[in-house]
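Coordinates from upload_34.txt are shown below (compact mmCIF, C-alpha atoms).
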```txt
# COMPACT_ATOMS: atom_id res chain seq x y z
CA MET A 1 25.98 24.35 -11.33
CA ILE A 2 22.40 24.92 -10.18
CA LEU A 3 19.80 22.53 -11.60
CA ASP A 4 16.32 23.74 -12.44
CA PRO A 5 13.94 21.78 -10.15
CA LYS A 6 11.07 22.31 -12.61
CA ARG A 7 12.90 20.16 -15.17
CA ALA A 8 13.77 17.34 -12.78
CA TRP A 9 11.21 15.04 -14.40
CA ILE A 10 12.92 15.51 -17.79
CA ARG A 11 16.27 14.46 -16.37
CA GLN A 12 14.67 11.50 -14.60
CA TRP A 13 12.99 10.26 -17.79
CA LEU A 14 16.15 10.73 -19.84
CA THR A 15 18.15 8.73 -17.28
CA LEU A 16 15.53 5.96 -17.29
CA VAL A 17 15.54 5.79 -21.11
CA ALA A 18 19.36 5.67 -21.15
CA VAL A 19 19.41 2.81 -18.62
CA LEU A 20 16.82 0.85 -20.64
CA LEU A 21 18.75 1.36 -23.88
CA VAL A 22 21.99 0.15 -22.31
CA TRP A 23 20.14 -2.80 -20.77
CA GLU A 24 18.57 -3.72 -24.13
CA ALA A 25 21.88 -3.39 -25.96
CA ALA A 26 23.63 -5.59 -23.41
CA GLY A 27 20.92 -8.23 -23.79
CA ARG A 28 21.08 -8.22 -27.59
CA ALA A 29 24.89 -8.44 -27.47
CA GLY A 30 24.64 -11.62 -25.39
CA MET A 31 26.19 -10.04 -22.32
CA LEU A 32 23.21 -10.97 -20.14
CA ASN A 33 21.75 -14.40 -19.55
CA PRO A 34 18.03 -14.15 -20.50
CA LEU A 35 17.20 -16.78 -17.87
CA PHE A 36 18.29 -14.41 -15.10
CA ALA A 37 18.20 -10.94 -16.68
CA PRO A 38 15.84 -10.73 -19.66
CA SER A 39 16.01 -7.64 -21.85
CA PRO A 40 13.35 -4.90 -21.63
CA SER A 41 11.87 -6.04 -24.96
CA GLN A 42 11.35 -9.55 -23.54
CA ILE A 43 9.71 -8.14 -20.42
CA ILE A 44 7.40 -5.92 -22.48
CA GLY A 45 6.59 -8.90 -24.72
CA ALA A 46 5.56 -10.97 -21.70
CA LEU A 47 3.40 -8.09 -20.45
CA VAL A 48 1.74 -7.63 -23.85
CA GLU A 49 1.02 -11.34 -24.04
CA LEU A 50 -0.76 -11.23 -20.69
CA PHE A 51 -3.13 -8.51 -21.89
CA THR A 52 -3.66 -9.80 -25.44
CA SER A 53 -4.54 -13.26 -24.15
CA GLY A 54 -7.04 -11.71 -21.72
CA SER A 55 -5.87 -13.89 -18.83
CA ILE A 56 -4.64 -10.95 -16.76
CA TRP A 57 -8.05 -9.45 -16.02
CA THR A 58 -9.19 -12.19 -13.64
CA HIS A 59 -5.95 -11.90 -11.70
CA LEU A 60 -6.12 -8.09 -11.58
CA GLU A 61 -9.68 -8.28 -10.29
CA ALA A 62 -8.67 -10.67 -7.50
CA THR A 63 -5.69 -8.59 -6.38
CA PHE A 64 -7.57 -5.29 -6.59
CA GLY A 65 -10.52 -6.69 -4.68
CA ALA A 66 -8.35 -8.04 -1.87
CA ALA A 67 -6.14 -4.94 -1.64
CA LEU A 68 -8.94 -2.36 -1.72
CA GLY A 69 -11.11 -4.41 0.64
CA GLY A 70 -8.28 -4.71 3.16
CA LEU A 71 -7.44 -1.02 2.69
CA ALA A 72 -10.99 0.15 3.38
CA LEU A 73 -11.44 -2.10 6.41
CA GLY A 74 -7.98 -1.25 7.75
CA ILE A 75 -8.58 2.49 7.53
CA LEU A 76 -12.02 2.24 9.13
CA VAL A 77 -10.97 0.00 12.01
CA GLY A 78 -7.64 1.78 12.50
CA VAL A 79 -9.29 5.20 12.75
CA VAL A 80 -12.00 4.01 15.14
CA LEU A 81 -9.60 2.15 17.43
CA GLY A 82 -7.07 4.98 17.31
CA VAL A 83 -9.66 7.59 18.33
CA ILE A 84 -11.10 5.42 21.10
CA ALA A 85 -7.67 4.55 22.49
CA ALA A 86 -6.57 8.20 22.46
CA LEU A 87 -9.69 9.36 24.30
CA ILE A 88 -10.11 6.47 26.74
CA PRO A 89 -6.88 5.58 28.62
CA TYR A 90 -8.22 2.20 29.77
CA ILE A 91 -8.77 1.12 26.14
CA ALA A 92 -5.29 2.39 25.27
CA GLU A 93 -3.81 0.14 27.98
CA LEU A 94 -5.42 -2.86 26.30
CA LEU A 95 -4.89 -1.98 22.64
CA GLN A 96 -1.46 -0.42 22.58
CA PRO A 97 0.49 -3.56 23.64
CA VAL A 98 -1.38 -5.66 21.08
CA MET A 99 -0.73 -3.19 18.28
CA THR A 100 2.89 -2.85 19.35
CA LEU A 101 3.36 -6.62 19.16
CA LEU A 102 1.73 -6.73 15.72
CA ASN A 103 3.94 -3.87 14.60
CA ALA A 104 7.08 -5.55 15.95
CA ILE A 105 6.75 -8.71 13.87
CA PRO A 106 6.86 -8.84 10.05
CA ARG A 107 3.12 -9.11 9.52
CA VAL A 108 3.51 -10.83 6.15
CA VAL A 109 4.59 -13.98 8.04
CA LEU A 110 0.92 -14.27 9.05
CA ALA A 111 0.01 -15.13 5.45
CA PRO A 112 0.39 -18.93 5.87
CA LEU A 113 -1.62 -18.82 9.10
CA PHE A 114 -4.40 -16.80 7.47
CA ALA A 115 -4.44 -19.27 4.58
CA ILE A 116 -5.12 -22.04 7.10
CA TRP A 117 -7.77 -20.02 8.96
CA PHE A 118 -9.63 -18.47 6.02
CA GLY A 119 -8.70 -20.73 3.11
CA ILE A 120 -7.04 -19.87 -0.19
CA GLY A 121 -9.86 -17.59 -1.31
CA ILE A 122 -10.01 -13.81 -1.14
CA SER A 123 -10.74 -13.74 2.61
CA SER A 124 -7.18 -14.59 3.66
CA LYS A 125 -5.77 -11.88 1.37
CA VAL A 126 -8.19 -9.27 2.67
CA ALA A 127 -7.29 -10.26 6.24
CA LEU A 128 -3.55 -9.83 5.61
CA ALA A 129 -4.01 -6.48 3.86
CA PHE A 130 -6.32 -5.41 6.68
CA ILE A 131 -3.76 -6.22 9.40
CA LEU A 132 -1.00 -4.34 7.58
CA VAL A 133 -3.13 -1.22 7.11
CA ALA A 134 -4.99 -1.24 10.44
CA VAL A 135 -1.82 -1.21 12.56
CA LEU A 136 -0.36 1.67 10.53
CA ILE A 137 -3.54 3.75 10.72
CA PHE A 138 -4.05 3.00 14.41
CA PHE A 139 -0.67 4.40 15.40
CA THR A 140 -1.08 7.33 13.00
CA VAL A 141 -4.39 8.35 14.56
CA TYR A 142 -3.49 7.45 18.16
CA THR A 143 -0.22 9.35 18.28
CA GLY A 144 -1.67 12.19 16.23
CA ILE A 145 -4.52 12.84 18.64
CA LEU A 146 -2.15 12.72 21.60
CA HIS A 147 -0.08 15.44 19.95
CA VAL A 148 -2.96 17.75 19.06
CA ASP A 149 -2.22 21.36 19.97
CA LYS A 150 -3.41 21.67 23.58
CA ARG A 151 -4.34 25.29 23.00
CA LEU A 152 -7.06 24.24 20.56
CA VAL A 153 -8.47 21.82 23.11
CA GLU A 154 -8.39 24.49 25.83
CA ARG A 155 -10.21 26.99 23.64
CA ILE A 156 -12.99 24.54 22.82
CA THR A 157 -13.46 23.57 26.47
CA THR A 158 -13.29 27.21 27.57
CA LEU A 159 -16.12 28.04 25.17
CA GLY A 160 -18.22 25.28 26.73
CA GLY A 161 -17.56 22.53 24.22
CA GLY A 162 -17.70 18.94 25.40
CA ARG A 163 -16.07 15.75 24.14
CA TRP A 164 -18.27 15.60 21.03
CA ALA A 165 -17.28 19.16 20.09
CA LEU A 166 -13.62 18.24 20.50
CA ILE A 167 -14.07 15.18 18.29
CA ARG A 168 -15.99 17.10 15.63
CA TYR A 169 -13.98 20.31 15.42
CA VAL A 170 -10.48 19.28 16.51
CA TYR A 171 -9.82 15.55 16.38
CA LEU A 172 -11.70 14.50 13.22
CA PRO A 173 -10.19 17.22 10.97
CA SER A 174 -6.76 16.35 12.32
CA VAL A 175 -7.40 12.63 11.86
CA ALA A 176 -8.40 13.25 8.23
CA SER A 177 -5.13 15.04 7.50
CA TRP A 178 -3.02 12.35 9.24
CA VAL A 179 -4.79 9.49 7.45
CA LEU A 180 -4.56 11.17 4.04
CA SER A 181 -0.89 11.98 4.56
CA ASN A 182 -0.24 8.26 5.19
CA MET A 183 -2.53 7.05 2.40
CA LYS A 184 0.35 6.23 0.05
CA VAL A 185 1.99 4.02 2.67
CA ALA A 186 -1.36 2.38 3.42
CA VAL A 187 -1.96 1.65 -0.26
CA GLY A 188 1.47 0.06 -0.55
CA PHE A 189 0.80 -2.06 2.53
CA ALA A 190 -2.59 -3.16 1.19
CA PHE A 191 -1.15 -4.36 -2.10
CA THR A 192 1.75 -5.99 -0.27
CA GLY A 193 -0.72 -7.97 1.84
CA ALA A 194 -2.81 -9.00 -1.16
CA VAL A 195 0.13 -10.05 -3.34
CA VAL A 196 1.99 -11.87 -0.55
CA GLY A 197 -1.19 -13.70 0.43
CA GLU A 198 -1.71 -14.78 -3.17
CA PHE A 199 1.92 -15.80 -3.46
CA VAL A 200 1.58 -18.10 -0.45
CA ALA A 201 -1.70 -19.78 -1.38
CA ALA A 202 -4.17 -18.79 -4.09
CA SER A 203 -5.80 -19.92 -7.30
CA ARG A 204 -5.72 -16.49 -8.97
CA GLY A 205 -4.23 -13.03 -8.53
CA LEU A 206 -0.97 -11.28 -9.38
CA GLY A 207 0.78 -13.02 -6.49
CA TYR A 208 -0.39 -16.37 -7.87
CA LEU A 209 1.05 -15.45 -11.28
CA LEU A 210 4.33 -14.49 -9.59
CA SER A 211 4.44 -17.87 -7.88
CA PHE A 212 3.73 -19.59 -11.19
CA ALA A 213 6.47 -17.60 -12.96
CA GLN A 214 8.93 -18.49 -10.21
CA SER A 215 8.12 -22.20 -10.41
CA THR A 216 8.70 -22.17 -14.19
CA TYR A 217 11.83 -19.97 -13.97
CA ASN A 218 10.16 -17.39 -16.21
CA SER A 219 12.04 -14.27 -15.13
CA ALA A 220 10.60 -12.19 -17.98
CA LEU A 221 7.08 -12.85 -16.71
CA MET A 222 8.14 -12.15 -13.12
CA LEU A 223 9.64 -8.78 -14.01
CA ALA A 224 6.61 -7.96 -16.18
CA LEU A 225 4.32 -8.61 -13.21
CA VAL A 226 6.54 -6.53 -10.91
CA MET A 227 6.35 -3.66 -13.43
CA LEU A 228 2.57 -4.04 -13.63
CA ILE A 229 2.19 -3.94 -9.83
CA MET A 230 4.45 -0.89 -9.65
CA ALA A 231 2.42 0.88 -12.35
CA VAL A 232 -0.88 0.14 -10.60
CA VAL A 233 0.41 1.36 -7.23
CA LEU A 234 1.89 4.52 -8.78
CA VAL A 235 -1.47 5.34 -10.38
CA ILE A 236 -3.19 4.90 -7.01
CA PHE A 237 -0.46 7.05 -5.40
CA TYR A 238 -1.22 9.80 -7.92
CA LEU A 239 -4.97 9.58 -7.36
CA SER A 240 -4.58 9.59 -3.57
CA GLY A 241 -2.28 12.61 -3.82
CA ARG A 242 -4.87 14.49 -5.87
CA LEU A 243 -7.58 13.49 -3.39
CA GLU A 244 -5.45 14.69 -0.48
CA LYS A 245 -4.91 18.09 -2.11
CA ARG A 246 -8.60 18.47 -2.86
CA LEU A 247 -9.85 17.43 0.57
CA MET A 248 -7.17 19.28 2.53
CA ARG A 249 -7.62 22.73 0.98
CA TRP A 250 -9.02 23.93 4.29
CA ASN A 251 -5.72 23.16 5.98
```

Would you mind giving the structure from this file in structure tokens?
Amino acid sequence: MILDPKRAWIRQWLTLVAVLLVWEAAGRAGMLNPLFAPSPSQIIGALVELFTSGSIWTHLEATFGAALGGLALGILVGVVLGVIAALIPYIAELLQPVMTLLNAIPRVVLAPLFAIWFGIGISSKVALAFILVAVLIFFTVYTGILHVDKRLVERITTLGGGRWALIRYVYLPSVASWVLSNMKVAVGFAFTGAVVGEFVAASRGLGYLLSFAQSTYNSALMLALVMLIMAVVLVIFYLSGRLEKRLMRWN
């Protein structure tokens, strides 16, 4: 039997609805302990209460500000350092071991240290999101430039182009495509850094709400917040995908 790929989304939604219905029925039948596995209606109720009370907006603002700030700084610094390291071998000798060490450790374990250094405000969350994104973008750009088609470089140099011409006509367009292709991963890393930083030490944010829900054993609120974070990241994934298609038409 050959499935129509164009109708895959219909099958996916039908499967999701079926799972939710079975989950809800099991909860109403008393087969699930609401303390550990609340029903979908309880999760939706907790989510609705967050928005109707108006308390969610302050926390969304804090998480969005930290995640997008760390994302922007991480992309900027990662691209600059990646280009410089790829073009200047001496800089690569200094930067690559540092980036490799940062990439080798789970960078979220830096959250308590950043909380000590920068306090429990937004700075520590931006710093953690920045580290997560910058390392990813650095290796994306650095390895990408090293693997640029050598024939393109030879043609530019044969026609009399210097290093600036190579950067402008070869490396920067390639860097744009590599960064945009990894944008979804970078967005996920940025929100991971922001939420984990808030979970460790914060006075507001979605991570702070998760910590509060955990301390009160409110699993419905925890799952509602997880669903909210997933929805926000999926929307950003969609927007970044549209942006990538629009900007990469030349490719």

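The closest residue to Trp178 in chain A, picked from A:Leu73, A:Val79, A:Ala129, A:Ile229 and counting only C-alpha atoms, is A:Val79.
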
| task | Could you give me, as a ChimeraX atom specification, the residues within 8 Å of Ala62 in chain A, counting all atoms listed in the file and dropping anything in the same chain fewer than 6 positions from it? | result | /A:122,204-206

**OP:** Name all residues at most 10 Å from Gly74 in chain A (count all atoms listed in the file; drop same-chain ones fewer than 3 positions away) and give them as a ChimeraX atom specification.
**Re:** /A:68-71,77-80,126-138,186,190

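Comparing the minimum interatomic distances between Ala67 in chain A and each of A:Leu234, A:Met227, A:Val196, A:Leu81, counting all atoms listed in the file, we find that A:Val196 sits nearest.
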
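All protein, DNA and RNA residues at most 12 Å from (-1.6, -16.6, 8.1) are A:Pro106, A:Arg107, A:Val108, A:Val109, A:Leu110, A:Ala111, A:Pro112, A:Leu113, A:Phe114, A:Ala115, A:Ile116, A:Trp117, A:Phe118, A:Gly119, A:Ile120, A:Ser123, A:Ser124, A:Lys125, A:Val126, A:Ala127, A:Leu128, A:Ala129, A:Ile131, A:Gly193, A:Val196, A:Gly197, A:Glu198, A:Val200, A:Ala201, using all atoms listed in the file.
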
key: Exercise: range 13-23 of chain A partners within 10 Å, all atoms listed in the file, chain neighbours under 5 positions left out, as a PyMOL selection string   = chain A and resi 8+28-29+31-32+37-41

Using all atoms listed in the file, the best pick from A:Lys184, A:His59, A:Arg11, A:Arg151 as closest to Ile236 in chain A would be A:Lys184

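If you count only C-alpha atoms and ignore residues fewer than 6 places along the chain from Ala213 in chain A, what sits within 7 Å of it is A:Ser219, A:Leu221, A:Met222.
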
Can I get the selected residues back with C-alpha atoms, as an mmCIF file, in the frame of the given file?
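Dumped everything to result01.cif:
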```cif
data_model
loop_
_atom_site.group_PDB
_atom_site.id
_atom_site.type_symbol
_atom_site.label_atom_id
_atom_site.label_comp_id
_atom_site.auth_asym_id
_atom_site.auth_seq_id
_atom_site.Cartn_x
_atom_site.Cartn_y
_atom_site.Cartn_z
ATOM 1 C CA SER A 219 12.040 -14.270 -15.130
ATOM 2 C CA LEU A 221 7.080 -12.850 -16.710
ATOM 3 C CA MET A 222 8.140 -12.150 -13.120
#
```

Name the residues in contact with Thr58 in chain A at a cut-off of 12 Å, using all atoms listed in the file, excluding same-chain residues fewer than 4 positions from it; report them as a PDB file with C-alpha atoms, keeping the file's coordinate frame.
```pdb
ATOM      1  CA  LEU A  50      -0.760 -11.230 -20.690  1.00  0.00           C
ATOM      2  CA  PHE A  51      -3.130  -8.510 -21.890  1.00  0.00           C
ATOM      3  CA  SER A  53      -4.540 -13.260 -24.150  1.00  0.00           C
ATOM      4  CA  GLY A  54      -7.040 -11.710 -21.720  1.00  0.00           C
ATOM      5  CA  ALA A  62      -8.670 -10.670  -7.500  1.00  0.00           C
ATOM      6  CA  THR A  63      -5.690  -8.590  -6.380  1.00  0.00           C
ATOM      7  CA  PHE A  64      -7.570  -5.290  -6.590  1.00  0.00           C
ATOM      8  CA  GLY A  65     -10.520  -6.690  -4.680  1.00  0.00           C
ATOM      9  CA  SER A 203      -5.800 -19.920  -7.300  1.00  0.00           C
ATOM     10  CA  ARG A 204      -5.720 -16.490  -8.970  1.00  0.00           C
ATOM     11  CA  GLY A 205      -4.230 -13.030  -8.530  1.00  0.00           C
ATOM     12  CA  LEU A 206      -0.970 -11.280  -9.380  1.00  0.00           C
ATOM     13  CA  TYR A 208      -0.390 -16.370  -7.870  1.00  0.00           C
ATOM     14  CA  LEU A 209       1.050 -15.450 -11.280  1.00  0.00           C
TER      15      LEU A 209
END
```

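Between CA of Ile43 in chain A and CA of Leu239 in chain A the interatomic distance comes to 26.5 Å.
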
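The residue that comes closest to Ala231 in chain A, out of A:Gly30, A:Thr140, A:Gly188, A:Trp57 and on the basis of only C-alpha atoms, is A:Gly188.
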
Could you add the missing atoms to range 135-148 of chain A, up to N, CA and C atoms, and return them as a PDB file, in the coordinates of the input?
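Result file part_18.pdb:
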```
ATOM      1  N   VAL A 135      -2.853  -1.554  11.573  1.00  0.00           N
ATOM      2  CA  VAL A 135      -1.820  -1.210  12.560  1.00  0.00           C
ATOM      3  C   VAL A 135      -1.210   0.148  12.224  1.00  0.00           C
ATOM      4  N   LEU A 136      -0.915   0.382  10.948  1.00  0.00           N
ATOM      5  CA  LEU A 136      -0.360   1.670  10.530  1.00  0.00           C
ATOM      6  C   LEU A 136      -1.300   2.820  10.863  1.00  0.00           C
ATOM      7  N   ILE A 137      -2.568   2.675  10.496  1.00  0.00           N
ATOM      8  CA  ILE A 137      -3.540   3.750  10.720  1.00  0.00           C
ATOM      9  C   ILE A 137      -3.801   3.954  12.198  1.00  0.00           C
ATOM     10  N   PHE A 138      -3.832   2.870  12.973  1.00  0.00           N
ATOM     11  CA  PHE A 138      -4.050   3.000  14.410  1.00  0.00           C
ATOM     12  C   PHE A 138      -2.996   3.894  15.041  1.00  0.00           C
ATOM     13  N   PHE A 139      -1.723   3.597  14.797  1.00  0.00           N
ATOM     14  CA  PHE A 139      -0.670   4.400  15.400  1.00  0.00           C
ATOM     15  C   PHE A 139      -0.642   5.817  14.846  1.00  0.00           C
ATOM     16  N   THR A 140      -1.012   5.982  13.577  1.00  0.00           N
ATOM     17  CA  THR A 140      -1.080   7.330  13.000  1.00  0.00           C
ATOM     18  C   THR A 140      -2.112   8.173  13.729  1.00  0.00           C
ATOM     19  N   VAL A 141      -3.303   7.610  13.914  1.00  0.00           N
ATOM     20  CA  VAL A 141      -4.390   8.350  14.560  1.00  0.00           C
ATOM     21  C   VAL A 141      -4.121   8.507  16.066  1.00  0.00           C
ATOM     22  N   TYR A 142      -3.697   7.435  16.703  1.00  0.00           N
ATOM     23  CA  TYR A 142      -3.490   7.450  18.160  1.00  0.00           C
ATOM     24  C   TYR A 142      -2.431   8.477  18.560  1.00  0.00           C
ATOM     25  N   THR A 143      -1.283   8.403  17.936  1.00  0.00           N
ATOM     26  CA  THR A 143      -0.220   9.350  18.280  1.00  0.00           C
ATOM     27  C   THR A 143      -0.557  10.765  17.814  1.00  0.00           C
ATOM     28  N   GLY A 144      -1.289  10.862  16.716  1.00  0.00           N
ATOM     29  CA  GLY A 144      -1.670  12.190  16.230  1.00  0.00           C
ATOM     30  C   GLY A 144      -2.587  12.916  17.181  1.00  0.00           C
ATOM     31  N   ILE A 145      -3.590  12.208  17.699  1.00  0.00           N
ATOM     32  CA  ILE A 145      -4.520  12.840  18.640  1.00  0.00           C
ATOM     33  C   ILE A 145      -3.805  13.225  19.931  1.00  0.00           C
ATOM     34  N   LEU A 146      -2.890  12.388  20.377  1.00  0.00           N
ATOM     35  CA  LEU A 146      -2.150  12.720  21.600  1.00  0.00           C
ATOM     36  C   LEU A 146      -1.284  13.959  21.435  1.00  0.00           C
ATOM     37  N   HIS A 147      -0.942  14.285  20.193  1.00  0.00           N
ATOM     38  CA  HIS A 147      -0.080  15.440  19.950  1.00  0.00           C
ATOM     39  C   HIS A 147      -0.845  16.630  19.362  1.00  0.00           C
ATOM     40  N   VAL A 148      -2.174  16.592  19.488  1.00  0.00           N
ATOM     41  CA  VAL A 148      -2.960  17.750  19.060  1.00  0.00           C
ATOM     42  C   VAL A 148      -2.568  18.966  19.906  1.00  0.00           C
TER      43      VAL A 148
END
```
